[in-house]
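Undergrad: Okay, here's the structure, questions in a sec.
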Amino acid sequence: MKKFTRVTDIGDLKAAVAEALEVKANRFAYKHLGQDKTLLMLFFNSSLRTRLSTQKAAMNLGMNVMVLDVNQGAWKLETERGVVMDGDKAEHLLEAIPVMASYCDMIGVRTFAGLANKADDYNEKVLNQFIEYAGKPVFSMEAATGHPLQAFADIITIEEHKTKERPKVVLTWAPHPKALPQAVPNSFAEWTVAAGYDVVITHPHGYELDPRFTAGATIEYDQRKAFEGADFIYAKNWSAYADPNYGKILSTDRSWTVDSEKMALTDNAFFMHCLPVRRNMIVTDEVIESPGSIVIPEAANREISAQTVLKRILEGTK
């Protein structure tokens with residue numbers, strides 16, 4: 001595996017989940033793969049789970065790890081071609097990428113959507129420059145339009161907790177005070193459909209996601225109807241995707257907050273969220289602290305999804 005940005009990069013998803021569970025059962029069985037190999041992790045944006053889980057996954061595999069906060073511990077990087085660099089950006093990605101790649105064996109990149117220009121975001125300008133110019137395997141630690149490591153961890157978590165072969169999995173929009181990217185819901189929809197689940201996406205009108213990610217899912221605008229008989233509820237906010245409202249907040253309707261009344265409509269569903277979560281906006285205290293909340297095991301599986309991806313990259317670079 002030379003890159004990891006979409007579910008299609010992982011190949012057979014059932015086989016990947018089975019491999020992930022093997023990794024989880026013995027996290028240090030593959031340390032020989034990473035011996036004398038170096039991972040460079042680049043963060044253009046803040047991170048807690050992704051930073052710690054990916055670094056731990058690499059350590060489990062015996063790798064050396066370098067972590068760079070691009071906008072704090074390095075020169076500010078220009079990402080656009082053809083600009084006159086007379087501002088505060090002292091180095092261009094076109095030089096920085098091959099230089100950084102010369103110090104490592106693979107690169108993880110985390111860069112968020114700007115939510116100002118849909119074409120720039122959905123063309124993944126930063127991530128794709130790394131893929132094109134690094135000459136080394138590159139994997140996404142969240143990008144403008146997707147968060148595949150999170151989605152892979154979500155699938156592992158669902159597989160560990162499901163009680164039926166084809167569970168009903170509901171992705172529900174919930175209110176948030178800030179405009180957030182579509183990366184997590186895009187990947188969650190894409191991966192759960194690929195896993196063969198009965199996927200329902202519920203949100204107010206105007207919050208439709210890119211159909212390239214939601215193909216195969218049912219769209220339901222009535223949240224309570226969507227919750228009926230659900231086995232898993234995945235709450236997440238996102239800003240508008242469709243023009244002319246791209247990146248905008250169209251609603252802060254608190255009636256979309258996931259609470260105990262709505263969870264009672266489900267089939268004793270588990271509650272999921274990628275974290276960090278705004279309590280009593282996205283979900284009430286009662287729900288996230290309930291026995292059915294699996295947000296902590298879900299977050300712990302971030303280590304496993306990352307380690308499985310790194311393992312496959314290492315196996316492909318031997």
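Numbering starts fresh at 1 for the residues of each chain in the structure tokens, the chains themselves are lettered A, B, ... in the order given, and ligands are numbered from 1 as they appear.
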DSSP says strand (DSSP E or B) for which residues of range 90-302 of chain A? Put them as a ChimeraX atom specification?
TA: /A:91-92,106-110,138-140,168-173,198-202,218-220,232-236,258,270-272,279,283,293
Undergrad: Excluding same-chain residues fewer than 6 positions from Val7 in chain A, what lies within 9 Å of it counting only C-alpha atoms, as a list in words?
TA: Leu13, Pro148, Ala151, Phe152, Ser187, Glu190, Trp191 and Ala194 of chain A
Undergrad: Can you tell me how far CA of Ala58 in chain A sits from CA of Lys24 in chain A, in Å to one decimal?
TA: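 CA of Ala58 in chain A sits 13.6 Å away from CA of Lys24 in chain A.
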Undergrad: At what distance in Å, to one decimal, does CA of Phe112 in chain A lie from CA of Asp198 in chain A?
TA: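 Spanning CA of Asp198 in chain A to CA of Phe112 in chain A is a straight-line distance of 28.9 Å.
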